[in-house]
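**Q** As input, take protein.txt (compact mmCIF, N, CA, C and O atoms):
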# COMPACT_ATOMS: atom_id res chain seq x y z
N MET D 31 100.19 109.91 102.73
CA MET D 31 99.81 108.52 102.75
C MET D 31 100.46 107.81 101.55
O MET D 31 100.48 108.34 100.45
N ILE D 32 100.97 106.62 101.79
CA ILE D 32 101.57 105.80 100.73
C ILE D 32 100.50 104.85 100.20
O ILE D 32 99.86 104.13 100.97
N LYS D 33 100.30 104.87 98.89
CA LYS D 33 99.35 103.95 98.25
C LYS D 33 100.09 102.69 97.85
O LYS D 33 101.20 102.75 97.32
N ILE D 34 99.46 101.56 98.10
CA ILE D 34 100.01 100.26 97.70
C ILE D 34 98.99 99.58 96.80
O ILE D 34 97.88 99.26 97.23
N TYR D 35 99.37 99.39 95.53
CA TYR D 35 98.52 98.65 94.59
C TYR D 35 98.95 97.19 94.63
O TYR D 35 100.14 96.86 94.54
N GLY D 36 97.98 96.29 94.76
CA GLY D 36 98.26 94.87 94.80
C GLY D 36 97.00 94.06 94.60
O GLY D 36 95.96 94.59 94.20
N MET D 37 97.10 92.76 94.87
CA MET D 37 95.96 91.84 94.79
C MET D 37 96.07 90.82 95.90
O MET D 37 97.18 90.41 96.26
N GLU D 38 94.95 90.37 96.40
CA GLU D 38 94.96 89.41 97.49
C GLU D 38 95.49 88.04 97.06
O GLU D 38 95.86 87.23 97.90
N THR D 39 95.56 87.77 95.76
CA THR D 39 96.07 86.49 95.27
C THR D 39 97.57 86.53 95.00
O THR D 39 98.14 85.54 94.55
N CYS D 40 98.21 87.65 95.27
CA CYS D 40 99.65 87.82 95.03
C CYS D 40 100.39 87.66 96.36
O CYS D 40 100.18 88.44 97.28
N PRO D 41 101.26 86.64 96.47
CA PRO D 41 101.95 86.42 97.74
C PRO D 41 102.84 87.59 98.16
O PRO D 41 102.95 87.88 99.35
N ASP D 42 103.47 88.28 97.21
CA ASP D 42 104.28 89.44 97.56
C ASP D 42 103.41 90.55 98.13
O ASP D 42 103.80 91.26 99.05
N CYS D 43 102.22 90.70 97.56
CA CYS D 43 101.29 91.74 98.02
C CYS D 43 100.76 91.44 99.41
O CYS D 43 100.69 92.33 100.26
N THR D 44 100.39 90.19 99.66
CA THR D 44 99.84 89.86 100.98
C THR D 44 100.93 89.96 102.05
O THR D 44 100.63 90.34 103.18
N TYR D 45 102.18 89.68 101.69
CA TYR D 45 103.29 89.82 102.63
C TYR D 45 103.42 91.30 103.05
O TYR D 45 103.59 91.61 104.22
N VAL D 46 103.33 92.18 102.09
CA VAL D 46 103.41 93.62 102.35
C VAL D 46 102.18 94.08 103.14
O VAL D 46 102.29 94.83 104.10
N GLU D 47 101.01 93.61 102.74
CA GLU D 47 99.77 94.05 103.39
C GLU D 47 99.77 93.69 104.88
O GLU D 47 99.29 94.47 105.71
N GLU D 48 100.31 92.53 105.22
CA GLU D 48 100.38 92.14 106.63
C GLU D 48 101.19 93.15 107.45
O GLU D 48 100.90 93.38 108.61
N GLN D 49 102.18 93.74 106.83
CA GLN D 49 103.05 94.70 107.53
C GLN D 49 102.36 96.04 107.81
O GLN D 49 102.78 96.77 108.71
N VAL D 50 101.33 96.37 107.03
CA VAL D 50 100.72 97.70 107.16
C VAL D 50 99.33 97.67 107.81
O VAL D 50 98.72 98.72 107.97
N LYS D 51 98.86 96.49 108.17
CA LYS D 51 97.53 96.41 108.81
C LYS D 51 97.48 97.33 110.02
O LYS D 51 98.36 97.31 110.87
N GLY D 52 96.44 98.15 110.05
CA GLY D 52 96.24 99.07 111.16
C GLY D 52 97.10 100.32 111.12
O GLY D 52 97.03 101.13 112.04
N ASN D 53 97.90 100.49 110.08
CA ASN D 53 98.76 101.67 109.97
C ASN D 53 98.15 102.63 108.96
O ASN D 53 98.12 102.35 107.77
N ASN D 54 97.65 103.76 109.43
CA ASN D 54 96.96 104.70 108.54
C ASN D 54 97.89 105.51 107.66
O ASN D 54 97.44 106.39 106.94
N GLN D 55 99.19 105.21 107.68
CA GLN D 55 100.12 105.86 106.76
C GLN D 55 100.10 105.19 105.38
O GLN D 55 100.71 105.70 104.45
N TYR D 56 99.41 104.05 105.29
CA TYR D 56 99.35 103.29 104.05
C TYR D 56 97.90 103.06 103.63
O TYR D 56 97.04 102.84 104.47
N GLU D 57 97.68 103.11 102.32
CA GLU D 57 96.36 102.78 101.75
C GLU D 57 96.59 101.60 100.80
O GLU D 57 97.30 101.72 99.81
N VAL D 58 95.99 100.46 101.12
CA VAL D 58 96.11 99.27 100.28
C VAL D 58 94.96 99.28 99.29
O VAL D 58 93.79 99.37 99.67
N ILE D 59 95.30 99.19 98.00
CA ILE D 59 94.30 99.20 96.94
C ILE D 59 94.38 97.86 96.21
O ILE D 59 95.37 97.59 95.52
N ASP D 60 93.36 97.03 96.39
CA ASP D 60 93.32 95.72 95.75
C ASP D 60 92.74 95.90 94.35
O ASP D 60 91.55 96.14 94.18
N ILE D 61 93.59 95.77 93.33
CA ILE D 61 93.17 96.03 91.95
C ILE D 61 92.25 94.95 91.41
O ILE D 61 91.67 95.12 90.34
N GLY D 62 92.07 93.87 92.17
CA GLY D 62 91.15 92.82 91.75
C GLY D 62 89.74 93.00 92.30
O GLY D 62 88.82 92.27 91.92
N GLN D 63 89.54 93.98 93.15
CA GLN D 63 88.23 94.17 93.78
C GLN D 63 87.28 95.07 92.98
O GLN D 63 86.08 94.91 93.08
N HIS D 64 87.84 95.99 92.21
CA HIS D 64 86.98 96.90 91.45
C HIS D 64 87.70 97.35 90.19
O HIS D 64 88.89 97.68 90.23
N VAL D 65 87.00 97.37 89.09
CA VAL D 65 87.61 97.74 87.81
C VAL D 65 88.15 99.17 87.83
O VAL D 65 89.14 99.47 87.19
N ARG D 66 87.55 100.03 88.62
CA ARG D 66 88.05 101.42 88.77
C ARG D 66 89.49 101.41 89.27
O ARG D 66 90.35 102.14 88.76
N ASP D 67 89.79 100.56 90.26
CA ASP D 67 91.14 100.48 90.81
C ASP D 67 92.11 99.82 89.83
O ASP D 67 93.27 100.23 89.73
N LEU D 68 91.63 98.83 89.11
CA LEU D 68 92.46 98.19 88.08
C LEU D 68 92.83 99.20 87.00
O LEU D 68 93.99 99.28 86.58
N LYS D 69 91.88 100.00 86.56
CA LYS D 69 92.14 101.00 85.54
C LYS D 69 93.15 102.04 86.02
O LYS D 69 94.04 102.45 85.27
N ALA D 70 93.03 102.47 87.27
CA ALA D 70 93.98 103.44 87.82
C ALA D 70 95.39 102.85 87.83
O ALA D 70 96.35 103.52 87.46
N PHE D 71 95.50 101.58 88.23
CA PHE D 71 96.80 100.92 88.23
C PHE D 71 97.34 100.78 86.81
O PHE D 71 98.52 101.06 86.55
N LEU D 72 96.51 100.37 85.86
CA LEU D 72 96.97 100.18 84.48
C LEU D 72 97.42 101.49 83.84
O LEU D 72 98.38 101.50 83.08
N ARG D 73 96.74 102.59 84.15
CA ARG D 73 97.19 103.90 83.65
C ARG D 73 98.60 104.19 84.15
O ARG D 73 99.45 104.64 83.39
N LEU D 74 98.83 103.91 85.40
CA LEU D 74 100.15 104.12 85.99
C LEU D 74 101.16 103.17 85.35
O LEU D 74 102.23 103.60 84.90
N ARG D 75 100.83 101.90 85.25
CA ARG D 75 101.75 100.89 84.71
C ARG D 75 102.08 101.13 83.24
O ARG D 75 103.21 100.94 82.81
N ASP D 76 101.11 101.56 82.49
CA ASP D 76 101.31 101.76 81.05
C ASP D 76 102.23 102.93 80.73
O ASP D 76 102.84 102.95 79.67
N HIS D 77 102.31 103.89 81.64
CA HIS D 77 103.02 105.13 81.32
C HIS D 77 104.22 105.45 82.19
O HIS D 77 104.98 106.35 81.85
N HIS D 78 104.40 104.76 83.29
CA HIS D 78 105.49 105.13 84.19
C HIS D 78 106.71 104.22 83.98
O HIS D 78 106.58 103.00 83.93
N PRO D 79 107.89 104.82 83.86
CA PRO D 79 109.10 104.03 83.60
C PRO D 79 109.50 103.08 84.74
O PRO D 79 110.28 102.17 84.51
N ALA D 80 108.94 103.26 85.92
CA ALA D 80 109.26 102.34 87.02
C ALA D 80 108.87 100.91 86.70
O ALA D 80 109.39 99.97 87.29
N PHE D 81 107.97 100.74 85.74
CA PHE D 81 107.47 99.40 85.39
C PHE D 81 108.21 98.77 84.22
O PHE D 81 107.92 97.63 83.85
N ASN D 82 109.13 99.48 83.60
CA ASN D 82 109.78 98.97 82.39
C ASN D 82 110.43 97.61 82.60
O ASN D 82 110.24 96.69 81.79
N GLU D 83 111.19 97.46 83.66
CA GLU D 83 111.86 96.18 83.91
C GLU D 83 110.85 95.08 84.19
O GLU D 83 110.95 93.97 83.66
N ALA D 84 109.85 95.37 85.01
CA ALA D 84 108.82 94.36 85.33
C ALA D 84 108.12 93.89 84.06
O ALA D 84 107.94 92.68 83.85
N LYS D 85 107.74 94.82 83.21
CA LYS D 85 107.06 94.45 81.97
C LYS D 85 107.98 93.64 81.06
O LYS D 85 107.53 92.71 80.40
N SER D 86 109.27 93.96 81.05
CA SER D 86 110.20 93.26 80.16
C SER D 86 110.39 91.80 80.54
O SER D 86 110.74 90.99 79.70
N VAL D 87 110.15 91.45 81.80
CA VAL D 87 110.30 90.06 82.24
C VAL D 87 108.95 89.37 82.44
O VAL D 87 108.89 88.26 82.95
N GLY D 88 107.88 90.03 82.06
CA GLY D 88 106.55 89.43 82.15
C GLY D 88 105.91 89.50 83.52
O GLY D 88 104.97 88.78 83.82
N ALA D 89 106.41 90.39 84.37
CA ALA D 89 105.81 90.58 85.69
C ALA D 89 104.70 91.63 85.62
O ALA D 89 104.72 92.50 84.76
N VAL D 90 103.76 91.54 86.52
CA VAL D 90 102.65 92.49 86.55
C VAL D 90 103.10 93.85 87.08
O VAL D 90 102.68 94.88 86.60
N GLY D 91 103.96 93.82 88.09
CA GLY D 91 104.42 95.08 88.68
C GLY D 91 103.70 95.40 89.98
O GLY D 91 103.54 96.56 90.32
N ILE D 92 103.28 94.35 90.70
CA ILE D 92 102.68 94.54 92.01
C ILE D 92 103.45 93.70 93.01
O ILE D 92 103.99 92.66 92.63
N PRO D 93 103.54 94.12 94.23
CA PRO D 93 103.00 95.35 94.75
C PRO D 93 103.73 96.58 94.18
O PRO D 93 104.91 96.53 93.90
N CYS D 94 102.97 97.62 94.04
CA CYS D 94 103.46 98.91 93.54
C CYS D 94 103.17 99.94 94.62
O CYS D 94 102.11 99.93 95.23
N PHE D 95 104.12 100.82 94.83
CA PHE D 95 104.02 101.82 95.88
C PHE D 95 104.08 103.22 95.28
O PHE D 95 104.99 103.52 94.50
N VAL D 96 103.11 104.05 95.63
CA VAL D 96 103.14 105.46 95.25
C VAL D 96 103.37 106.23 96.55
O VAL D 96 102.50 106.28 97.42
N LEU D 97 104.58 106.77 96.66
CA LEU D 97 104.96 107.46 97.88
C LEU D 97 104.31 108.83 97.97
O LEU D 97 103.74 109.33 96.99
N GLU D 98 104.39 109.43 99.12
CA GLU D 98 103.72 110.72 99.36
C GLU D 98 104.19 111.81 98.43
O GLU D 98 103.42 112.71 98.10
N ASP D 99 105.44 111.73 97.97
CA ASP D 99 105.95 112.77 97.06
C ASP D 99 105.65 112.44 95.59
O ASP D 99 106.10 113.15 94.70
N GLY D 100 104.89 111.37 95.35
CA GLY D 100 104.53 110.99 93.98
C GLY D 100 105.46 109.98 93.34
O GLY D 100 105.20 109.49 92.25
N THR D 101 106.56 109.66 94.01
CA THR D 101 107.49 108.66 93.50
C THR D 101 106.78 107.31 93.38
O THR D 101 106.06 106.90 94.28
N VAL D 102 107.01 106.64 92.24
CA VAL D 102 106.45 105.31 92.02
C VAL D 102 107.60 104.31 92.08
O VAL D 102 108.63 104.50 91.43
N THR D 103 107.41 103.26 92.87
CA THR D 103 108.45 102.26 93.04
C THR D 103 107.83 100.88 93.21
O THR D 103 106.69 100.75 93.63
N LEU D 104 108.59 99.87 92.87
CA LEU D 104 108.17 98.49 93.08
C LEU D 104 108.91 97.87 94.26
O LEU D 104 108.74 96.69 94.54
N GLY D 105 109.71 98.67 94.95
CA GLY D 105 110.49 98.18 96.08
C GLY D 105 109.85 98.48 97.41
O GLY D 105 109.73 99.64 97.79
N PRO D 106 109.43 97.45 98.14
CA PRO D 106 108.83 97.67 99.46
C PRO D 106 109.74 98.47 100.39
O PRO D 106 109.26 99.29 101.18
N GLU D 107 111.04 98.27 100.28
CA GLU D 107 111.97 98.99 101.14
C GLU D 107 111.88 100.50 100.95
O GLU D 107 112.07 101.26 101.90
N ASP D 108 111.57 100.93 99.73
CA ASP D 108 111.41 102.36 99.45
C ASP D 108 110.22 102.95 100.19
O ASP D 108 110.14 104.16 100.40
N ALA D 109 109.29 102.08 100.60
CA ALA D 109 108.09 102.51 101.33
C ALA D 109 108.20 102.18 102.82
O ALA D 109 107.21 102.24 103.54
N GLY D 110 109.42 101.81 103.26
CA GLY D 110 109.62 101.52 104.67
C GLY D 110 109.18 100.13 105.08
O GLY D 110 108.93 99.88 106.27
N LEU D 111 109.08 99.20 104.12
CA LEU D 111 108.59 97.85 104.38
C LEU D 111 109.65 96.82 103.98
O LEU D 111 110.69 97.17 103.44
N ARG D 112 109.35 95.55 104.21
CA ARG D 112 110.26 94.46 103.84
C ARG D 112 109.70 93.69 102.66
O ARG D 112 108.49 93.46 102.56
N SER D 113 110.60 93.23 101.79
CA SER D 113 110.22 92.32 100.70
C SER D 113 110.03 90.92 101.25
O SER D 113 110.63 90.55 102.25
N ARG D 114 109.21 90.16 100.56
CA ARG D 114 109.02 88.75 100.93
C ARG D 114 110.33 88.01 100.71
O ARG D 114 110.95 88.15 99.65
N PRO D 115 110.76 87.22 101.68
CA PRO D 115 112.03 86.48 101.52
C PRO D 115 112.00 85.56 100.31
O PRO D 115 111.00 84.91 100.02
N ILE D 116 113.11 85.51 99.60
CA ILE D 116 113.23 84.69 98.39
C ILE D 116 112.95 83.22 98.68
O ILE D 116 112.34 82.53 97.87
N ASN D 117 113.35 82.75 99.85
CA ASN D 117 113.15 81.34 100.17
C ASN D 117 111.68 80.97 100.38
O ASN D 117 111.36 79.81 100.59
N GLU D 118 110.78 81.95 100.33
CA GLU D 118 109.35 81.68 100.45
C GLU D 118 108.70 81.46 99.09
O GLU D 118 107.48 81.38 98.99
N GLY D 119 109.49 81.39 98.03
CA GLY D 119 108.94 81.07 96.71
C GLY D 119 109.11 82.20 95.72
O GLY D 119 109.40 83.33 96.07
N ALA D 120 108.94 81.83 94.45
CA ALA D 120 109.10 82.78 93.35
C ALA D 120 107.91 83.72 93.27
O ALA D 120 106.81 83.40 93.72
N THR D 121 108.14 84.86 92.66
CA THR D 121 107.04 85.79 92.41
C THR D 121 106.21 85.27 91.24
O THR D 121 106.62 84.38 90.50
N CYS D 122 105.03 85.82 91.06
CA CYS D 122 104.14 85.41 89.99
C CYS D 122 104.48 86.15 88.70
O CYS D 122 104.57 87.36 88.72
N ASN D 123 104.64 85.43 87.63
CA ASN D 123 104.94 86.04 86.33
C ASN D 123 103.84 85.71 85.34
O ASN D 123 103.22 84.65 85.41
N ILE D 124 103.65 86.60 84.39
CA ILE D 124 102.60 86.45 83.40
C ILE D 124 102.80 85.22 82.51
O ILE D 124 101.85 84.66 81.97
N ASP D 125 104.04 84.74 82.41
CA ASP D 125 104.33 83.57 81.58
C ASP D 125 104.06 82.26 82.31
O ASP D 125 104.30 81.18 81.79
N GLY D 126 103.54 82.34 83.52
CA GLY D 126 103.19 81.13 84.28
C GLY D 126 104.30 80.65 85.18
O GLY D 126 104.10 79.72 85.95
N SER D 127 105.46 81.27 85.13
CA SER D 127 106.52 80.87 86.05
C SER D 127 106.27 81.50 87.40
O SER D 127 105.57 82.48 87.52
N GLY D 128 106.84 80.93 88.43
CA GLY D 128 106.56 81.41 89.76
C GLY D 128 105.17 80.98 90.19
O GLY D 128 104.53 80.17 89.53
N CYS D 129 104.75 81.48 91.31
CA CYS D 129 103.42 81.15 91.88
C CYS D 129 102.80 79.93 91.26
O CYS D 129 101.85 79.92 90.58
I need this file expressed as structure tokens, please.

**A**
Amino acid sequence: MIKIYGMETCPDCTYVEEQVKGNNQYEVIDIGQHVRDLKAFLRLRDHHPAFNEAKSVGAVGIPCFVLEDGTVTLGPEDAGLRSRPINEGATCNIDGSGC
């Protein structure tokens, strides 16, 4: 099963979530729903190099995908999904740009 960490207020996350509805190969984990899930995501984000670029530009790093082999990626395509089209708006950044 592929885990997807995201939030319902993130347009990139909701775009991905729409693609996996009803597909039991994916587990969507909304990090805004329970502090337990937020902590699990932050442990991953704080220590995994897949987040280095996202953190350097002030991005949160969601949606995040943990593949069945343990690979961590921020690319929906790596999980067999599509990224939200660029013409649908900027991603959300911690500095207030985008969203």

**Q** If you run DSSP on the backbone here, which positions in segment 36-118 of chain D get alpha helix (DSSP H)? Please write them as a list in words.

**A**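 Of segment 36-118 of chain D, only Pro41, Asp42, Cys43, Thr44, Tyr45, Val46, Glu47, Glu48, Gln49, Val50, Val65, Arg66, Asp67, Leu68, Lys69, Ala70, Phe71, Leu72, Arg73, Leu74, Arg75, Asp76, His77, Asn82, Glu83, Ala84, Lys85 and Ser86 of chain D fall in alpha helix (DSSP H).
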
**Q** Create the file for the chosen residues now, containing N, CA, C and O atoms and written as an mmCIF file, in the frame of the given file.

**A**
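Just written: part.cif:
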data_model
loop_
_atom_site.group_PDB
_atom_site.id
_atom_site.type_symbol
_atom_site.label_atom_id
_atom_site.label_comp_id
_atom_site.auth_asym_id
_atom_site.auth_seq_id
_atom_site.Cartn_x
_atom_site.Cartn_y
_atom_site.Cartn_z
ATOM 1 N N PRO D 41 101.260 86.640 96.470
ATOM 2 C CA PRO D 41 101.950 86.420 97.740
ATOM 3 C C PRO D 41 102.840 87.590 98.160
ATOM 4 O O PRO D 41 102.950 87.880 99.350
ATOM 5 N N ASP D 42 103.470 88.280 97.210
ATOM 6 C CA ASP D 42 104.280 89.440 97.560
ATOM 7 C C ASP D 42 103.410 90.550 98.130
ATOM 8 O O ASP D 42 103.800 91.260 99.050
ATOM 9 N N CYS D 43 102.220 90.700 97.560
ATOM 10 C CA CYS D 43 101.290 91.740 98.020
ATOM 11 C C CYS D 43 100.760 91.440 99.410
ATOM 12 O O CYS D 43 100.690 92.330 100.260
ATOM 13 N N THR D 44 100.390 90.190 99.660
ATOM 14 C CA THR D 44 99.840 89.860 100.980
ATOM 15 C C THR D 44 100.930 89.960 102.050
ATOM 16 O O THR D 44 100.630 90.340 103.180
ATOM 17 N N TYR D 45 102.180 89.680 101.690
ATOM 18 C CA TYR D 45 103.290 89.820 102.630
ATOM 19 C C TYR D 45 103.420 91.300 103.050
ATOM 20 O O TYR D 45 103.590 91.610 104.220
ATOM 21 N N VAL D 46 103.330 92.180 102.090
ATOM 22 C CA VAL D 46 103.410 93.620 102.350
ATOM 23 C C VAL D 46 102.180 94.080 103.140
ATOM 24 O O VAL D 46 102.290 94.830 104.100
ATOM 25 N N GLU D 47 101.010 93.610 102.740
ATOM 26 C CA GLU D 47 99.770 94.050 103.390
ATOM 27 C C GLU D 47 99.770 93.690 104.880
ATOM 28 O O GLU D 47 99.290 94.470 105.710
ATOM 29 N N GLU D 48 100.310 92.530 105.220
ATOM 30 C CA GLU D 48 100.380 92.140 106.630
ATOM 31 C C GLU D 48 101.190 93.150 107.450
ATOM 32 O O GLU D 48 100.900 93.380 108.610
ATOM 33 N N GLN D 49 102.180 93.740 106.830
ATOM 34 C CA GLN D 49 103.050 94.700 107.530
ATOM 35 C C GLN D 49 102.360 96.040 107.810
ATOM 36 O O GLN D 49 102.780 96.770 108.710
ATOM 37 N N VAL D 50 101.330 96.370 107.030
ATOM 38 C CA VAL D 50 100.720 97.700 107.160
ATOM 39 C C VAL D 50 99.330 97.670 107.810
ATOM 40 O O VAL D 50 98.720 98.720 107.970
ATOM 41 N N VAL D 65 87.000 97.370 89.090
ATOM 42 C CA VAL D 65 87.610 97.740 87.810
ATOM 43 C C VAL D 65 88.150 99.170 87.830
ATOM 44 O O VAL D 65 89.140 99.470 87.190
ATOM 45 N N ARG D 66 87.550 100.030 88.620
ATOM 46 C CA ARG D 66 88.050 101.420 88.770
ATOM 47 C C ARG D 66 89.490 101.410 89.270
ATOM 48 O O ARG D 66 90.350 102.140 88.760
ATOM 49 N N ASP D 67 89.790 100.560 90.260
ATOM 50 C CA ASP D 67 91.140 100.480 90.810
ATOM 51 C C ASP D 67 92.110 99.820 89.830
ATOM 52 O O ASP D 67 93.270 100.230 89.730
ATOM 53 N N LEU D 68 91.630 98.830 89.110
ATOM 54 C CA LEU D 68 92.460 98.190 88.080
ATOM 55 C C LEU D 68 92.830 99.200 87.000
ATOM 56 O O LEU D 68 93.990 99.280 86.580
ATOM 57 N N LYS D 69 91.880 100.000 86.560
ATOM 58 C CA LYS D 69 92.140 101.000 85.540
ATOM 59 C C LYS D 69 93.150 102.040 86.020
ATOM 60 O O LYS D 69 94.040 102.450 85.270
ATOM 61 N N ALA D 70 93.030 102.470 87.270
ATOM 62 C CA ALA D 70 93.980 103.440 87.820
ATOM 63 C C ALA D 70 95.390 102.850 87.830
ATOM 64 O O ALA D 70 96.350 103.520 87.460
ATOM 65 N N PHE D 71 95.500 101.580 88.230
ATOM 66 C CA PHE D 71 96.800 100.920 88.230
ATOM 67 C C PHE D 71 97.340 100.780 86.810
ATOM 68 O O PHE D 71 98.520 101.060 86.550
ATOM 69 N N LEU D 72 96.510 100.370 85.860
ATOM 70 C CA LEU D 72 96.970 100.180 84.480
ATOM 71 C C LEU D 72 97.420 101.490 83.840
ATOM 72 O O LEU D 72 98.380 101.500 83.080
ATOM 73 N N ARG D 73 96.740 102.590 84.150
ATOM 74 C CA ARG D 73 97.190 103.900 83.650
ATOM 75 C C ARG D 73 98.600 104.190 84.150
ATOM 76 O O ARG D 73 99.450 104.640 83.390
ATOM 77 N N LEU D 74 98.830 103.910 85.400
ATOM 78 C CA LEU D 74 100.150 104.120 85.990
ATOM 79 C C LEU D 74 101.160 103.170 85.350
ATOM 80 O O LEU D 74 102.230 103.600 84.900
ATOM 81 N N ARG D 75 100.830 101.900 85.250
ATOM 82 C CA ARG D 75 101.750 100.890 84.710
ATOM 83 C C ARG D 75 102.080 101.130 83.240
ATOM 84 O O ARG D 75 103.210 100.940 82.810
ATOM 85 N N ASP D 76 101.110 101.560 82.490
ATOM 86 C CA ASP D 76 101.310 101.760 81.050
ATOM 87 C C ASP D 76 102.230 102.930 80.730
ATOM 88 O O ASP D 76 102.840 102.950 79.670
ATOM 89 N N HIS D 77 102.310 103.890 81.640
ATOM 90 C CA HIS D 77 103.020 105.130 81.320
ATOM 91 C C HIS D 77 104.220 105.450 82.190
ATOM 92 O O HIS D 77 104.980 106.350 81.850
ATOM 93 N N ASN D 82 109.130 99.480 83.600
ATOM 94 C CA ASN D 82 109.780 98.970 82.390
ATOM 95 C C ASN D 82 110.430 97.610 82.600
ATOM 96 O O ASN D 82 110.240 96.690 81.790
ATOM 97 N N GLU D 83 111.190 97.460 83.660
ATOM 98 C CA GLU D 83 111.860 96.180 83.910
ATOM 99 C C GLU D 83 110.850 95.080 84.190
ATOM 100 O O GLU D 83 110.950 93.970 83.660
ATOM 101 N N ALA D 84 109.850 95.370 85.010
ATOM 102 C CA ALA D 84 108.820 94.360 85.330
ATOM 103 C C ALA D 84 108.120 93.890 84.060
ATOM 104 O O ALA D 84 107.940 92.680 83.850
ATOM 105 N N LYS D 85 107.740 94.820 83.210
ATOM 106 C CA LYS D 85 107.060 94.450 81.970
ATOM 107 C C LYS D 85 107.980 93.640 81.060
ATOM 108 O O LYS D 85 107.530 92.710 80.400
ATOM 109 N N SER D 86 109.270 93.960 81.050
ATOM 110 C CA SER D 86 110.200 93.260 80.160
ATOM 111 C C SER D 86 110.390 91.800 80.540
ATOM 112 O O SER D 86 110.740 90.990 79.700
#

**Q** Pick from D:Leu97, D:Ala80, D:Val102, D:Ile34: nearest to Asp60 of chain D, with only N, CA, C and O atoms counted?

**A**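 The answer is D:Ile34, which sits nearest to Asp60 of chain D.
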
**Q** Distance cut-off 8 Å, centre (109.4, 101.3, 92.4) in file coordinates, counting only N, CA, C and O atoms: which residues qualify? Return them as a PDB file with N, CA, C and O atoms, in the frame of the given file.

**A**
ATOM      1  N   PRO D  79     107.890 104.820  83.860  1.00  0.00           N
ATOM      2  CA  PRO D  79     109.100 104.030  83.600  1.00  0.00           C
ATOM      3  C   PRO D  79     109.500 103.080  84.740  1.00  0.00           C
ATOM      4  O   PRO D  79     110.280 102.170  84.510  1.00  0.00           O
ATOM      5  N   ALA D  80     108.940 103.260  85.920  1.00  0.00           N
ATOM      6  CA  ALA D  80     109.260 102.340  87.020  1.00  0.00           C
ATOM      7  C   ALA D  80     108.870 100.910  86.700  1.00  0.00           C
ATOM      8  O   ALA D  80     109.390  99.970  87.290  1.00  0.00           O
ATOM      9  N   PHE D  81     107.970 100.740  85.740  1.00  0.00           N
ATOM     10  CA  PHE D  81     107.470  99.400  85.390  1.00  0.00           C
ATOM     11  C   PHE D  81     108.210  98.770  84.220  1.00  0.00           C
ATOM     12  O   PHE D  81     107.920  97.630  83.850  1.00  0.00           O
ATOM     13  N   GLY D  91     103.960  93.820  88.090  1.00  0.00           N
ATOM     14  CA  GLY D  91     104.420  95.080  88.680  1.00  0.00           C
ATOM     15  C   GLY D  91     103.700  95.400  89.980  1.00  0.00           C
ATOM     16  O   GLY D  91     103.540  96.560  90.320  1.00  0.00           O
ATOM     17  N   PRO D  93     103.540  94.120  94.230  1.00  0.00           N
ATOM     18  CA  PRO D  93     103.000  95.350  94.750  1.00  0.00           C
ATOM     19  C   PRO D  93     103.730  96.580  94.180  1.00  0.00           C
ATOM     20  O   PRO D  93     104.910  96.530  93.900  1.00  0.00           O
ATOM     21  N   CYS D  94     102.970  97.620  94.040  1.00  0.00           N
ATOM     22  CA  CYS D  94     103.460  98.910  93.540  1.00  0.00           C
ATOM     23  C   CYS D  94     103.170  99.940  94.620  1.00  0.00           C
ATOM     24  O   CYS D  94     102.110  99.930  95.230  1.00  0.00           O
ATOM     25  N   PHE D  95     104.120 100.820  94.830  1.00  0.00           N
ATOM     26  CA  PHE D  95     104.020 101.820  95.880  1.00  0.00           C
ATOM     27  C   PHE D  95     104.080 103.220  95.280  1.00  0.00           C
ATOM     28  O   PHE D  95     104.990 103.520  94.500  1.00  0.00           O
ATOM     29  N   VAL D  96     103.110 104.050  95.630  1.00  0.00           N
ATOM     30  CA  VAL D  96     103.140 105.460  95.250  1.00  0.00           C
ATOM     31  C   VAL D  96     103.370 106.230  96.550  1.00  0.00           C
ATOM     32  O   VAL D  96     102.500 106.280  97.420  1.00  0.00           O
ATOM     33  N   THR D 101     106.560 109.660  94.010  1.00  0.00           N
ATOM     34  CA  THR D 101     107.490 108.660  93.500  1.00  0.00           C
ATOM     35  C   THR D 101     106.780 107.310  93.380  1.00  0.00           C
ATOM     36  O   THR D 101     106.060 106.900  94.280  1.00  0.00           O
ATOM     37  N   VAL D 102     107.010 106.640  92.240  1.00  0.00           N
ATOM     38  CA  VAL D 102     106.450 105.310  92.020  1.00  0.00           C
ATOM     39  C   VAL D 102     107.600 104.310  92.080  1.00  0.00           C
ATOM     40  O   VAL D 102     108.630 104.500  91.430  1.00  0.00           O
ATOM     41  N   THR D 103     107.410 103.260  92.870  1.00  0.00           N
ATOM     42  CA  THR D 103     108.450 102.260  93.040  1.00  0.00           C
ATOM     43  C   THR D 103     107.830 100.880  93.210  1.00  0.00           C
ATOM     44  O   THR D 103     106.690 100.750  93.630  1.00  0.00           O
ATOM     45  N   LEU D 104     108.590  99.870  92.870  1.00  0.00           N
ATOM     46  CA  LEU D 104     108.170  98.490  93.080  1.00  0.00           C
ATOM     47  C   LEU D 104     108.910  97.870  94.260  1.00  0.00           C
ATOM     48  O   LEU D 104     108.740  96.690  94.540  1.00  0.00           O
ATOM     49  N   GLY D 105     109.710  98.670  94.950  1.00  0.00           N
ATOM     50  CA  GLY D 105     110.490  98.180  96.080  1.00  0.00           C
ATOM     51  C   GLY D 105     109.850  98.480  97.410  1.00  0.00           C
ATOM     52  O   GLY D 105     109.730  99.640  97.790  1.00  0.00           O
ATOM     53  N   PRO D 106     109.430  97.450  98.140  1.00  0.00           N
ATOM     54  CA  PRO D 106     108.830  97.670  99.460  1.00  0.00           C
ATOM     55  C   PRO D 106     109.740  98.470 100.390  1.00  0.00           C
ATOM     56  O   PRO D 106     109.260  99.290 101.180  1.00  0.00           O
ATOM     57  N   ASP D 108     111.570 100.930  99.730  1.00  0.00           N
ATOM     58  CA  ASP D 108     111.410 102.360  99.450  1.00  0.00           C
ATOM     59  C   ASP D 108     110.220 102.950 100.190  1.00  0.00           C
ATOM     60  O   ASP D 108     110.140 104.160 100.400  1.00  0.00           O
TER      61      ASP D 108
END

**Q** Could you tell me how far atom N of Leu68 of chain D lies from atom N of Val46 of chain D, in Å and to one decimal?

**A** 18.7 Å

**Q** Neighbouring residues of Gln55 of chain D were defined as those with any atom within 8 Å, considering only C-alpha atoms; residues of the same chain fewer than 2 positions away were excluded. Please report them as a list in words.

**A**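 Skipping anything fewer than 2 positions along the chain leaves Met31, Ile32, Asn53 and Glu57 of chain D.
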